[in-house]
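Note: the block below is protein-v8.cif and it holds mmCIF, C-alpha atoms and all ligand atoms.
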data_query
#
loop_
_atom_site.label_atom_id
_atom_site.label_comp_id
_atom_site.auth_asym_id
_atom_site.auth_seq_id
_atom_site.Cartn_x
_atom_site.Cartn_y
_atom_site.Cartn_z
CA MET A 1396 22.63 12.29 22.22
CA ARG A 1397 20.98 11.90 18.83
CA VAL A 1398 22.62 12.82 15.61
CA ASN A 1399 20.79 14.70 12.96
CA SER A 1400 21.94 12.90 9.86
CA THR A 1401 19.71 14.47 7.29
CA SER A 1402 21.01 17.96 7.37
CA THR A 1403 23.61 20.37 8.45
CA THR A 1404 23.50 21.62 11.98
CA ARG A 1405 23.60 25.13 13.25
CA THR A 1406 27.25 24.79 14.05
CA ARG A 1407 28.24 23.97 10.49
CA ALA A 1408 29.88 26.79 8.61
CA ALA A 1409 27.58 28.39 6.11
CA VAL A 1410 28.33 27.64 2.49
CA ALA A 1411 29.34 30.80 0.72
CA LEU A 1412 27.64 31.13 -2.62
CA THR A 1413 29.07 33.47 -5.16
CA VAL A 1414 27.13 36.42 -6.42
CA ALA A 1415 27.15 34.74 -9.83
CA ALA A 1416 25.55 31.63 -8.40
CA LEU A 1417 22.90 33.74 -6.75
CA ALA A 1418 22.14 35.48 -10.00
CA ALA A 1419 21.77 32.09 -11.69
CA GLY A 1420 19.47 30.97 -8.90
CA ALA A 1421 17.31 33.99 -9.38
CA THR A 1422 16.32 32.88 -12.84
CA ALA A 1423 16.63 29.11 -12.66
CA GLY A 1424 13.36 27.31 -12.49
CA ALA A 1425 11.35 29.98 -14.23
CA GLY A 1426 9.00 28.34 -16.66
CA PRO A 1427 9.20 29.10 -20.34
CA ALA A 1428 6.76 31.60 -21.70
CA THR A 1429 3.98 29.93 -23.59
CA ALA A 1430 1.67 31.01 -26.34
CA ARG A 1431 -1.29 30.80 -24.01
CA PRO A 1432 -3.39 33.91 -24.51
CA GLN A 1433 -3.29 36.54 -21.81
CA THR A 1434 -6.60 37.19 -20.18
CA ALA A 1435 -5.36 39.94 -17.91
CA PRO A 1436 -4.25 43.15 -19.58
CA ALA A 1437 -0.88 44.76 -18.95
CA ALA A 1438 0.56 41.83 -17.05
CA ALA A 1439 4.16 42.64 -16.20
CA THR A 1440 5.42 39.09 -16.55
CA PRO A 1441 4.38 36.49 -19.09
CA TYR A 1442 2.15 33.77 -17.80
CA CYS A 1443 4.31 30.77 -17.00
CA GLY A 1444 4.45 27.28 -18.45
CA ALA A 1445 2.36 24.45 -17.11
CA ALA A 1446 5.01 23.05 -14.77
CA HIS A 1447 5.30 26.34 -12.96
CA ARG A 1448 1.68 27.36 -12.99
CA ILE A 1449 -0.65 27.23 -10.02
CA GLU A 1450 -4.26 27.72 -10.99
CA GLN A 1451 -7.15 26.84 -8.75
CA LYS A 1452 -10.83 27.55 -9.11
CA LEU A 1453 -12.30 27.25 -5.63
CA SER A 1454 -15.76 25.78 -5.21
CA THR A 1455 -17.07 29.20 -4.18
CA GLY A 1456 -16.27 30.55 -7.64
CA THR A 1457 -12.99 32.41 -7.15
CA THR A 1458 -10.03 31.51 -9.35
CA TRP A 1459 -6.46 32.09 -8.14
CA ARG A 1460 -3.63 32.03 -10.60
CA MET A 1461 0.11 32.47 -10.16
CA CYS A 1462 3.50 31.18 -11.21
CA TRP A 1463 6.06 29.66 -8.91
CA ARG A 1464 9.81 29.25 -9.05
CA TYR A 1465 12.41 28.24 -6.56
CA ASP A 1466 15.28 30.55 -5.71
CA GLY A 1467 18.61 29.26 -4.41
CA LYS A 1468 18.39 31.57 -1.39
CA ALA A 1469 14.82 32.82 -1.01
CA GLY A 1470 13.23 29.42 -1.56
CA LEU A 1471 9.66 29.52 -2.88
CA VAL A 1472 8.87 32.60 -4.97
CA LEU A 1473 5.32 33.24 -6.15
CA GLU A 1474 4.91 35.54 -9.13
CA ASP A 1475 2.24 37.16 -11.24
CA ILE A 1476 -0.44 36.54 -8.61
CA SER A 1477 -4.02 37.30 -9.61
CA TYR A 1478 -7.53 36.28 -8.70
CA ARG A 1479 -10.87 36.38 -10.41
CA PRO A 1480 -13.89 36.45 -8.16
CA LYS A 1481 -17.11 35.27 -9.75
CA GLY A 1482 -18.76 38.11 -11.60
CA GLU A 1483 -15.49 39.75 -12.60
CA PRO A 1484 -14.66 39.64 -16.31
CA ARG A 1485 -10.96 38.86 -15.93
CA GLN A 1486 -8.16 38.01 -13.53
CA ILE A 1487 -7.26 40.93 -11.26
CA LYS A 1488 -3.55 41.15 -10.71
CA ILE A 1489 -2.23 41.85 -7.22
CA LEU A 1490 1.49 41.07 -7.02
CA ASN A 1491 4.46 40.72 -9.32
CA SER A 1492 6.31 38.77 -6.68
CA ALA A 1493 5.79 37.49 -3.14
CA ARG A 1494 8.36 35.65 -1.07
CA LEU A 1495 10.24 35.59 2.19
CA GLY A 1496 12.76 38.38 2.67
CA GLN A 1497 14.76 36.86 5.54
CA ILE A 1498 14.48 34.92 8.78
CA HIS A 1499 16.79 36.54 11.30
CA VAL A 1500 17.50 34.56 14.49
CA PRO A 1501 19.46 36.34 17.21
CA TYR A 1502 20.16 34.53 20.49
CA ASP A 1503 19.44 36.24 23.78
CA ASP A 1504 22.92 35.58 25.17
CA GLY A 1505 24.56 37.57 22.38
CA THR A 1506 26.70 34.67 21.22
CA ILE A 1507 25.27 34.36 17.74
CA GLU A 1508 22.70 35.53 15.24
CA TYR A 1509 21.67 33.83 12.02
CA ASP A 1510 20.34 35.09 8.73
CA ASP A 1511 18.75 31.82 7.72
CA LEU A 1512 18.03 32.70 4.08
CA THR A 1513 21.29 34.29 2.99
CA GLY A 1514 23.60 32.90 5.64
CA PHE A 1515 22.33 29.47 6.54
CA ASP A 1516 21.11 27.67 3.44
CA PHE A 1517 17.39 27.89 4.10
CA ALA A 1518 16.56 27.23 0.45
CA GLN A 1519 18.98 24.32 0.20
CA GLY A 1520 17.15 22.60 3.04
CA LEU A 1521 13.93 22.02 1.07
CA MET A 1522 12.30 18.82 2.34
CA ASN A 1523 10.45 16.05 0.56
CA LEU A 1524 6.81 15.97 1.61
CA ALA A 1525 5.07 12.70 2.39
CA PRO A 1526 1.81 12.27 0.41
CA GLY A 1527 -0.21 12.60 3.59
CA GLU A 1528 1.22 16.06 4.18
CA CYS A 1529 -0.68 17.49 1.25
CA PRO A 1530 -4.19 16.12 1.71
CA GLY A 1531 -6.34 16.45 -1.37
CA GLY A 1532 -3.64 18.34 -3.20
CA THR A 1533 -0.65 17.96 -5.49
CA ILE A 1534 3.01 17.76 -4.52
CA LYS A 1535 5.11 19.40 -7.19
CA THR A 1536 8.71 18.53 -7.92
CA VAL A 1537 11.18 21.33 -7.26
CA LYS A 1538 14.68 21.57 -8.64
CA VAL A 1539 16.79 23.35 -6.06
CA PRO A 1540 19.27 25.65 -7.82
CA ASP A 1541 22.92 25.56 -6.80
CA SER A 1542 22.16 22.51 -4.73
CA VAL A 1543 24.84 21.27 -2.40
CA ASN A 1544 22.94 18.00 -2.03
CA GLU A 1545 23.31 14.89 -4.15
CA THR A 1546 19.64 15.02 -5.09
CA PRO A 1547 18.66 18.54 -6.11
CA THR A 1548 15.16 17.41 -7.07
CA ILE A 1549 12.71 17.47 -4.20
CA LYS A 1550 9.02 16.66 -4.06
CA GLY A 1551 8.60 19.70 -1.96
CA LEU A 1552 5.79 22.04 -3.04
CA CYS A 1553 2.25 21.32 -1.93
CA THR A 1554 -0.76 23.01 -3.45
CA THR A 1555 -4.12 22.08 -2.04
CA THR A 1556 -7.41 23.54 -0.86
CA ARG A 1557 -8.85 23.82 2.61
CA SER A 1558 -12.08 24.95 4.21
CA ARG A 1559 -11.79 27.78 6.68
CA GLY A 1560 -15.23 27.83 8.28
CA HIS A 1561 -17.84 30.50 7.73
CA ALA A 1562 -17.09 33.01 5.00
CA TYR A 1563 -20.27 34.83 6.02
CA ARG A 1564 -23.67 34.32 7.63
CA MET A 1565 -26.78 36.46 7.44
CA GLN A 1566 -30.36 35.94 8.44
CA GLY A 1567 -32.50 36.72 5.38
CA ASP A 1568 -35.60 38.91 5.29
CA THR A 1569 -38.08 36.26 4.29
CA ALA A 1570 -39.01 32.70 5.16
CA ASN A 1571 -36.24 32.49 7.73
CA LYS A 1572 -33.74 32.02 4.94
CA VAL A 1573 -30.15 31.91 6.17
CA TYR A 1574 -27.46 33.02 3.78
CA GLN A 1575 -24.25 31.28 4.74
CA ALA A 1576 -21.24 29.83 3.00
CA ALA A 1577 -18.09 28.00 3.97
CA GLY A 1578 -14.95 29.78 2.85
CA LYS A 1579 -12.39 27.94 0.75
CA ASP A 1580 -8.68 28.62 0.52
CA LEU A 1581 -5.92 27.65 -1.84
CA LEU A 1582 -2.89 26.64 0.21
CA VAL A 1583 0.66 26.63 -1.11
CA TYR A 1584 3.50 25.50 1.12
CA THR A 1585 7.00 24.18 1.47
CA VAL A 1586 9.08 22.89 4.38
CA ASN A 1587 12.71 23.93 4.73
CA GLN A 1588 15.09 22.47 7.27
CA VAL A 1589 17.60 24.84 8.80
CA GLY A 1590 19.78 23.19 11.40
CA TRP A 1591 17.47 21.52 13.90
CA TYR A 1592 14.49 23.59 12.88
CA GLU A 1593 12.02 23.00 10.10
CA TYR A 1594 10.28 26.06 8.75
CA MET A 1595 6.94 25.75 7.05
CA THR A 1596 6.36 28.57 4.57
CA GLU A 1597 2.63 28.77 4.02
CA TRP A 1598 0.65 30.95 1.63
CA ARG A 1599 -3.10 30.99 2.01
CA PHE A 1600 -5.17 32.45 -0.83
CA GLN A 1601 -8.72 32.92 0.32
CA ASP A 1602 -11.74 32.97 -1.97
CA ASP A 1603 -12.53 36.48 -0.68
CA GLY A 1604 -9.22 37.84 -1.99
CA THR A 1605 -7.30 37.86 1.29
CA ILE A 1606 -3.77 36.47 1.21
CA THR A 1607 -2.28 35.24 4.48
CA MET A 1608 1.38 34.34 4.70
CA ASN A 1609 2.83 32.49 7.65
CA VAL A 1610 6.07 30.95 8.74
CA GLY A 1611 5.75 28.06 11.16
CA ALA A 1612 8.77 26.83 13.06
CA THR A 1613 8.87 23.18 14.07
CA GLY A 1614 11.38 20.33 14.07
CA SER A 1615 13.57 20.31 17.17
CA LEU A 1616 15.07 22.77 19.53
CA SER A 1617 18.80 22.92 18.97
CA TRP A 1618 20.40 20.74 21.66
CA ASP A 1619 23.61 22.71 21.21
CA ASP A 1620 21.88 25.51 23.02
CA TYR A 1621 20.91 23.55 26.13
CA ASP A 1622 23.70 25.12 28.04
CA ALA A 1623 22.56 28.55 29.07
CA GLY A 1624 24.02 29.21 32.48
CA ASP A 1625 23.41 32.92 32.49
CA GLY A 1626 19.70 33.04 33.17
CA ARG A 1627 18.76 33.54 29.52
CA GLY A 1628 17.22 30.14 28.99
CA TRP A 1629 14.35 27.99 30.20
CA PRO A 1630 14.82 24.53 31.73
CA ILE A 1631 13.25 21.91 29.49
CA GLY A 1632 14.60 18.67 30.93
CA LYS A 1633 14.39 17.21 34.44
CA GLY A 1634 15.33 19.77 37.04
CA ALA A 1635 17.27 22.79 35.91
CA LYS A 1636 20.20 21.37 33.95
CA ALA A 1637 19.11 21.48 30.32
CA LYS A 1638 18.27 25.08 29.55
CA ALA A 1639 17.41 26.08 26.01
CA THR A 1640 18.72 29.52 25.20
CA SER A 1641 15.96 31.96 24.36
CA HIS A 1642 16.11 33.61 20.95
CA SER A 1643 14.00 35.48 18.42
CA HIS A 1644 12.73 34.53 14.99
CA ASN A 1645 12.32 37.72 12.99
CA ALA A 1646 10.60 36.79 9.75
CA PHE A 1647 10.48 39.17 6.80
CA TRP A 1648 8.33 39.01 3.71
CA ARG A 1649 9.02 40.94 0.52
CA LEU A 1650 5.98 41.90 -1.54
CA ASP A 1651 6.28 43.54 -4.94
CA PHE A 1652 2.80 44.84 -5.71
CA ALA A 1653 1.43 45.32 -9.22
CA LEU A 1654 -2.24 46.09 -8.69
CA ASP A 1655 -4.18 45.84 -11.94
CA GLY A 1656 -0.90 44.95 -13.63
CA SER A 1657 0.85 48.24 -12.86
CA THR A 1658 3.70 48.79 -10.40
CA ARG A 1659 2.90 52.49 -10.12
CA ASN A 1660 1.03 51.97 -6.87
CA SER A 1661 0.76 54.54 -4.14
CA VAL A 1662 0.95 54.00 -0.40
CA GLU A 1663 -1.37 55.54 2.19
CA GLN A 1664 -1.20 55.50 5.97
CA TYR A 1665 -4.31 55.99 8.05
CA ASP A 1666 -4.35 57.12 11.68
CA SER A 1667 -7.32 57.70 13.91
CA THR A 1668 -7.47 59.70 17.09
CA VAL A 1669 -10.16 59.40 19.71
CA THR A 1670 -11.14 62.50 21.68
CA ALA A 1671 -13.20 62.61 24.84
CA PRO A 1672 -16.70 64.02 24.39
CA THR A 1673 -17.12 67.78 24.59
CA ARG A 1674 -20.15 69.44 26.08
CA GLY A 1675 -23.23 68.33 24.21
CA GLN A 1676 -21.66 65.19 22.73
CA ARG A 1677 -22.96 61.89 23.97
CA ALA A 1678 -19.82 59.88 23.24
CA PRO A 1679 -16.15 60.28 22.35
CA THR A 1680 -15.40 61.25 18.74
CA THR A 1681 -12.96 59.55 16.41
CA LYS A 1682 -11.25 61.26 13.53
CA THR A 1683 -9.37 59.36 10.83
CA THR A 1684 -6.74 61.05 8.71
CA ARG A 1685 -4.92 59.89 5.61
CA THR A 1686 -1.22 60.50 5.02
CA LYS A 1687 0.12 59.85 1.54
CA ILE A 1688 3.47 58.10 1.80
CA THR A 1689 5.37 59.47 -1.18
CA LYS A 1690 8.89 58.69 -0.01
CA GLU A 1691 10.51 55.55 1.34
CA LEU A 1692 9.37 54.84 4.89
CA ALA A 1693 10.34 52.76 7.91
CA GLY A 1694 6.92 52.36 9.48
CA ASP A 1695 5.77 51.34 12.93
CA SER A 1696 2.51 49.71 13.86
CA ARG A 1697 0.39 51.69 16.28
CA ASN A 1698 -3.00 51.51 17.78
CA TYR A 1699 -5.46 52.88 15.18
CA ARG A 1700 -2.87 52.86 12.36
CA TRP A 1701 -3.01 50.96 9.10
CA TRP A 1702 -1.63 51.13 5.58
CA ARG A 1703 -2.83 50.33 2.13
CA VAL A 1704 -1.30 50.04 -1.32
CA VAL A 1705 -3.51 51.74 -3.93
CA SER A 1706 -3.85 50.93 -7.62
CA ALA A 1707 -3.14 53.69 -10.10
CA ALA A 1708 -4.61 51.64 -12.94
CA GLY A 1709 -7.91 50.18 -11.84
CA LYS A 1710 -11.20 50.92 -10.15
CA ASN A 1711 -13.98 48.63 -9.07
CA LYS A 1712 -17.54 48.81 -10.44
CA ASP A 1713 -18.43 51.39 -7.78
CA GLY A 1714 -15.73 53.68 -9.17
CA HIS A 1715 -13.44 53.28 -6.17
CA ALA A 1716 -9.70 52.84 -6.58
CA ARG A 1717 -8.65 49.26 -5.94
CA SER A 1718 -6.29 48.70 -3.03
CA TYR A 1719 -4.86 46.12 -0.68
CA GLU A 1720 -4.69 46.72 3.03
CA ILE A 1721 -1.78 45.46 5.09
CA VAL A 1722 -3.01 43.56 8.13
CA PRO A 1723 -0.11 42.88 10.52
CA GLY A 1724 -0.19 39.79 12.70
CA PRO A 1725 0.98 39.69 16.30
CA SER A 1726 4.64 40.63 16.50
CA THR A 1727 7.34 41.05 19.09
CA LYS A 1728 9.55 43.63 17.46
CA TYR A 1729 13.25 43.01 18.13
CA PRO A 1730 14.98 46.35 18.72
CA GLY A 1731 18.49 44.90 18.49
CA ARG A 1732 19.18 45.71 14.83
CA GLY A 1733 18.30 48.57 12.52
CA TYR A 1734 16.46 46.29 10.13
CA THR A 1735 14.32 44.78 12.89
CA LYS A 1736 13.54 48.09 14.62
CA HIS A 1737 10.48 48.78 12.48
CA ASP A 1738 7.41 46.76 11.62
CA LEU A 1739 7.46 47.41 7.93
CA TYR A 1740 9.47 49.19 5.30
CA PHE A 1741 8.35 50.66 2.01
CA THR A 1742 11.26 50.90 -0.41
CA GLN A 1743 11.48 51.99 -4.02
CA TYR A 1744 11.91 48.86 -6.15
CA ASP A 1745 15.51 47.87 -6.82
CA LYS A 1746 16.26 44.49 -8.36
CA CYS A 1747 19.33 44.11 -6.16
CA GLU A 1748 17.46 44.71 -2.87
CA LEU A 1749 16.32 41.17 -2.14
CA PHE A 1750 16.94 40.33 1.52
CA ALA A 1751 16.09 42.41 4.56
CA SER A 1752 19.45 41.69 6.16
CA ASN A 1753 22.73 40.24 4.96
CA ASN A 1754 21.73 41.05 1.37
CA PRO A 1755 24.37 39.70 -0.99
CA GLY A 1756 26.11 42.92 -1.95
CA ASP A 1757 25.20 46.53 -1.35
CA CYS A 1758 23.93 46.94 -4.90
CA GLY A 1759 26.90 49.03 -5.95
CA ARG A 1760 25.70 52.18 -4.30
CA GLY A 1761 27.30 51.79 -0.94
CA ALA A 1762 23.76 51.80 0.40
CA GLY A 1763 24.33 48.97 2.81
CA THR A 1764 23.07 45.42 2.92
CA SER A 1765 19.87 45.71 4.93
CA VAL A 1766 16.43 47.14 4.34
CA ASP A 1767 16.69 49.95 6.89
CA ARG A 1768 19.62 51.38 4.94
CA TRP A 1769 17.60 51.39 1.72
CA VAL A 1770 15.06 53.76 3.24
CA ASN A 1771 16.99 56.81 2.18
CA GLY A 1772 14.58 59.32 0.78
CA GLN A 1773 13.79 57.96 -2.67
CA THR A 1774 10.40 58.76 -4.14
CA LEU A 1775 8.07 55.74 -4.05
CA LYS A 1776 7.07 55.17 -7.66
CA HIS A 1777 7.15 51.39 -7.44
CA PRO A 1778 6.83 50.51 -3.76
CA VAL A 1779 8.08 47.23 -2.35
CA VAL A 1780 6.66 46.20 1.02
CA TRP A 1781 8.89 44.53 3.61
CA MET A 1782 6.96 43.17 6.57
CA ASN A 1783 8.78 42.23 9.77
CA ILE A 1784 7.01 39.89 12.20
CA GLY A 1785 9.01 38.88 15.25
CA PHE A 1786 8.56 36.04 17.71
CA HIS A 1787 10.56 35.79 20.93
CA HIS A 1788 10.98 32.11 21.57
CA ILE A 1789 11.38 31.23 25.22
CA ALA A 1790 11.27 27.45 25.04
CA ARG A 1791 8.86 25.43 27.21
CA ASP A 1792 8.69 21.78 28.20
CA GLU A 1793 6.11 21.16 25.50
CA ASP A 1794 8.64 22.11 22.83
CA GLN A 1795 10.02 18.55 23.07
CA GLN A 1796 9.53 16.52 20.94
CA PRO A 1797 8.91 17.28 18.04
CA MET A 1798 8.41 20.95 18.72
CA PRO A 1799 4.82 22.05 18.06
CA VAL A 1800 4.62 24.48 15.15
CA HIS A 1801 4.71 28.10 16.27
CA TRP A 1802 3.32 30.44 13.64
CA GLN A 1803 3.99 34.05 12.77
CA GLY A 1804 2.72 36.03 9.81
CA PHE A 1805 0.30 38.58 8.45
CA SER A 1806 -2.30 39.20 5.77
CA ILE A 1807 -3.08 41.52 2.95
CA ALA A 1808 -6.78 42.07 2.40
CA PRO A 1809 -8.63 43.57 -0.55
CA ARG A 1810 -10.13 47.00 0.03
CA ASP A 1811 -12.46 48.07 -2.79
CA VAL A 1812 -11.08 45.57 -5.28
CA THR A 1813 -14.62 44.42 -5.99
CA ALA A 1814 -17.74 46.52 -5.56
CA MET A 1815 -19.25 44.09 -3.09
CA ASN A 1816 -18.30 40.98 -1.14
CA PRO A 1817 -16.91 38.78 -3.91
CA LEU A 1818 -18.91 35.87 -2.50
CA THR A 1819 -22.25 37.72 -2.43
CA PRO A 1820 -25.04 35.32 -3.46
CA ALA A 1821 -26.83 36.41 -6.63
CA GLU A 1822 -30.10 37.21 -4.81
CA LEU A 1823 -28.34 39.84 -2.72
CA GLY A 1824 -26.36 41.42 -5.53
CA TRP A 1825 -28.69 44.42 -5.69
CA GLN A 1826 -28.01 45.36 -2.07
CA ASN A 1827 -25.08 47.67 -2.75
CA GLY A 1828 -25.01 51.04 -1.05
CA HIS A 1829 -28.25 52.49 0.29
CA TRP A 1830 -30.61 49.54 0.17
CA GLN A 1831 -33.94 48.93 1.84
CA PRO A 1832 -33.51 47.88 5.48
CA ARG A 1833 -34.69 44.53 6.72
CA ARG A 1834 -38.18 44.39 8.11
CU CU B 1901 12.77 29.08 18.26
#
Would you give me this structure, written as structure tokens?
Amino acid sequence: MRVNSTSTTRTRAAVALTVAALAAGATAGAGPATARPQTAPAAATPYCGAAHRIEQKLSTGTTWRMCWRYDGKAGLVLEDISYRPKGEPRQIKILNSARLGQIHVPYDDGTIEYDDLTGFDFAQGLMNLAPGECPGGTIKTVKVPDSVNETPTIKGLCTTTRSRGHAYRMQGDTANKVYQAAGKDLLVYTVNQVGWYEYMTEWRFQDDGTITMNVGATGSLSWDDYDAGDGRGWPIGKGAKAKATSHSHNAFWRLDFALDGSTRNSVEQYDSTVTAPTRGQRAPTTKTTRTKITKELAGDSRNYRWWRVVSAAGKNKDGHARSYEIVPGPSTKYPGRGYTKHDLYFTQYDKCELFASNNPGDCGRGAGTSVDRWVNGQTLKHPVVWMNIGFHHIARDEDQQPMPVHWQGFSIAPRDVTAMNPLTPAELGWQNGHWQPRR
């Protein structure tokens, strides 16, 4: 049996942090405001100091800018996130704040469930990164608030860039010219150890404005759980003795939008229905309808359904309201708890509503401590998006050793933020709307 000496194990009692300590953690690490001039109008938070600034101009011309801080429970928090595609006069703000909202891990045998962020010291388990883990990038030093460790300072935040393959390809009209470009991403990530697991929290900021957020679970399976005798595990050692108990990882993200610097965003849901052809029609018809979501909502993904958050403050050069579309990733929704029963929740902003489950305190309103309870009919004037992506982990032999990273996550993608593809080459910039077809 090996002993995991670098961290607590799952069986260790969770350290109870006081509400006061949490409040301190929520502000610790925030950089001082500087006198640097604002380029974006109506920014809700001051642009941070150099130590807490992430700014990256990608080789394709898009500049991402944000601030980071480290919360004693939530871990990495990214704030004041904006991008400036080439051709835009200023940074376009997207989010006030983006971070994890919980990782909920219930075991199939009903013996236990964990709330890794608020109940199991996720943030305290920030890991030092080896230089090779951040190729071509910078590893920033993070001070972990309320640290229970002897060394609260961790070289634990990587920011780097990565190619993602084709951003686009198009055969041109003349001289067999091919328009093509490789897409570039800014990557920001941390690794947090929780028990035997290590969670990678990865944020990918693409040069086309898409943001993809993923949690990857790696490390080791918990050997404590190799004892399932009730048919709820999978044998991973020789024969059928060592069975790892199956469990779920329900990851939540909390996104506080501020499109164009304003939190007065609106939410829209789109649904399409397909109807068989009637007499005289050659093919089925599809009709798409918009529903304005004006009150808090517990939403469920469906075939032909999607949502977007719409700016009240800004339009693109075509005169269309800027928005961001929510693009869910694959998810196995866990129906065992109210807060995991739905794929996403839109709640009215409340500074006390910070974790999707096991929130520290019920915010003084008796409203409960989980996101499902906060969906209680309030008007959405400042919507906060909670995304729930579940993964049912039935271990396999290949999970030893180390366990290959299994990823779960989703994206938000710009919809009408710019008037054209933000990477459009200059020669094609005139081809907006009804342009002459190729010959
Ligand atoms: Cu797992």
- [ ] Could you pull out the residues sitting within 10 Å of ligand CU 1901 (chain B), using all atoms listed in the file, and write them as a ChimeraX atom specification?
- [x] /A:1500-1502,1591-1592,1612-1617,1639-1644,1786-1790,1794,1798,1800-1801
TODO: Find, counting only C-alpha atoms, the residue in A:Ala1637, A:Thr1686, A:Thr1819, A:Phe1515 that gets nearest to Ser1667 of chain A.
DONE: A:Thr1686
TODO: Pull the neighbourhood of (14.8, 47.7, -10.6) for me: all residues within 12 Å in file coordinates, counting all atoms listed in the file, as a ChimeraX atom specification.
DONE: /A:1651,1658,1742-1749,1758,1776-1779
Keeping only C-alpha atoms, write the selected residues to a file as a PDB file, in the frame of the given file.
ATOM      1  CA  ASP A1651       6.280  43.540  -4.940  1.00  0.00           C
ATOM      2  CA  THR A1658       3.700  48.790 -10.400  1.00  0.00           C
ATOM      3  CA  THR A1742      11.260  50.900  -0.410  1.00  0.00           C
ATOM      4  CA  GLN A1743      11.480  51.990  -4.020  1.00  0.00           C
ATOM      5  CA  TYR A1744      11.910  48.860  -6.150  1.00  0.00           C
ATOM      6  CA  ASP A1745      15.510  47.870  -6.820  1.00  0.00           C
ATOM      7  CA  LYS A1746      16.260  44.490  -8.360  1.00  0.00           C
ATOM      8  CA  CYS A1747      19.330  44.110  -6.160  1.00  0.00           C
ATOM      9  CA  GLU A1748      17.460  44.710  -2.870  1.00  0.00           C
ATOM     10  CA  LEU A1749      16.320  41.170  -2.140  1.00  0.00           C
ATOM     11  CA  CYS A1758      23.930  46.940  -4.900  1.00  0.00           C
ATOM     12  CA  LYS A1776       7.070  55.170  -7.660  1.00  0.00           C
ATOM     13  CA  HIS A1777       7.150  51.390  -7.440  1.00  0.00           C
ATOM     14  CA  PRO A1778       6.830  50.510  -3.760  1.00  0.00           C
ATOM     15  CA  VAL A1779       8.080  47.230  -2.350  1.00  0.00           C
TER      16      VAL A1779
END
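Counting from atom CA of Ala1518 of chain A, the distance to atom CA of Lys1550 of chain A is 13.7 Å.
Atom pair atom CA of Thr1585 of chain A / atom CA of Glu1450 of chain A: separated by 17.2 Å.
Proximity of A:Ala1577, A:Leu1512, A:Ile1476, A:Val1812 to His1715 of chain A, computed with all atoms listed in the file, is greatest for A:Val1812.
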TODO: For the point (7.8, 41.8, 11.4) in the file's frame, write as a list in words all residues with an atom no more than 6 Å away, counting only C-alpha atoms.
DONE: Ala1646, Phe1647, Asp1738, Met1782, Asn1783, Ile1784 and Gly1785 of chain A
Open item on the list: Could you tell me how far atom CA of Thr1556 of chain A sits from atom CA of Gly1531 of chain A, in Å to one decimal place?
Closed with: 7.2 Å
Task: Near-Tyr1665 of chain A list (6 Å; only C-alpha atoms; drop same-chain fewer than 5 positions) as JSON, numbers by chain - done: {"A": [1684, 1685, 1700, 1701]}
Dump C-alpha atoms for the selected residues as a CSV table (one decimal), in the coordinates of the input?
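So the final result, stored in selection-v1.csv, reads:
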chain,number,residue,atom,x,y,z
A,1684,THR,CA,-6.7,61.0,8.7
A,1685,ARG,CA,-4.9,59.9,5.6
A,1700,ARG,CA,-2.9,52.9,12.4
A,1701,TRP,CA,-3.0,51.0,9.1
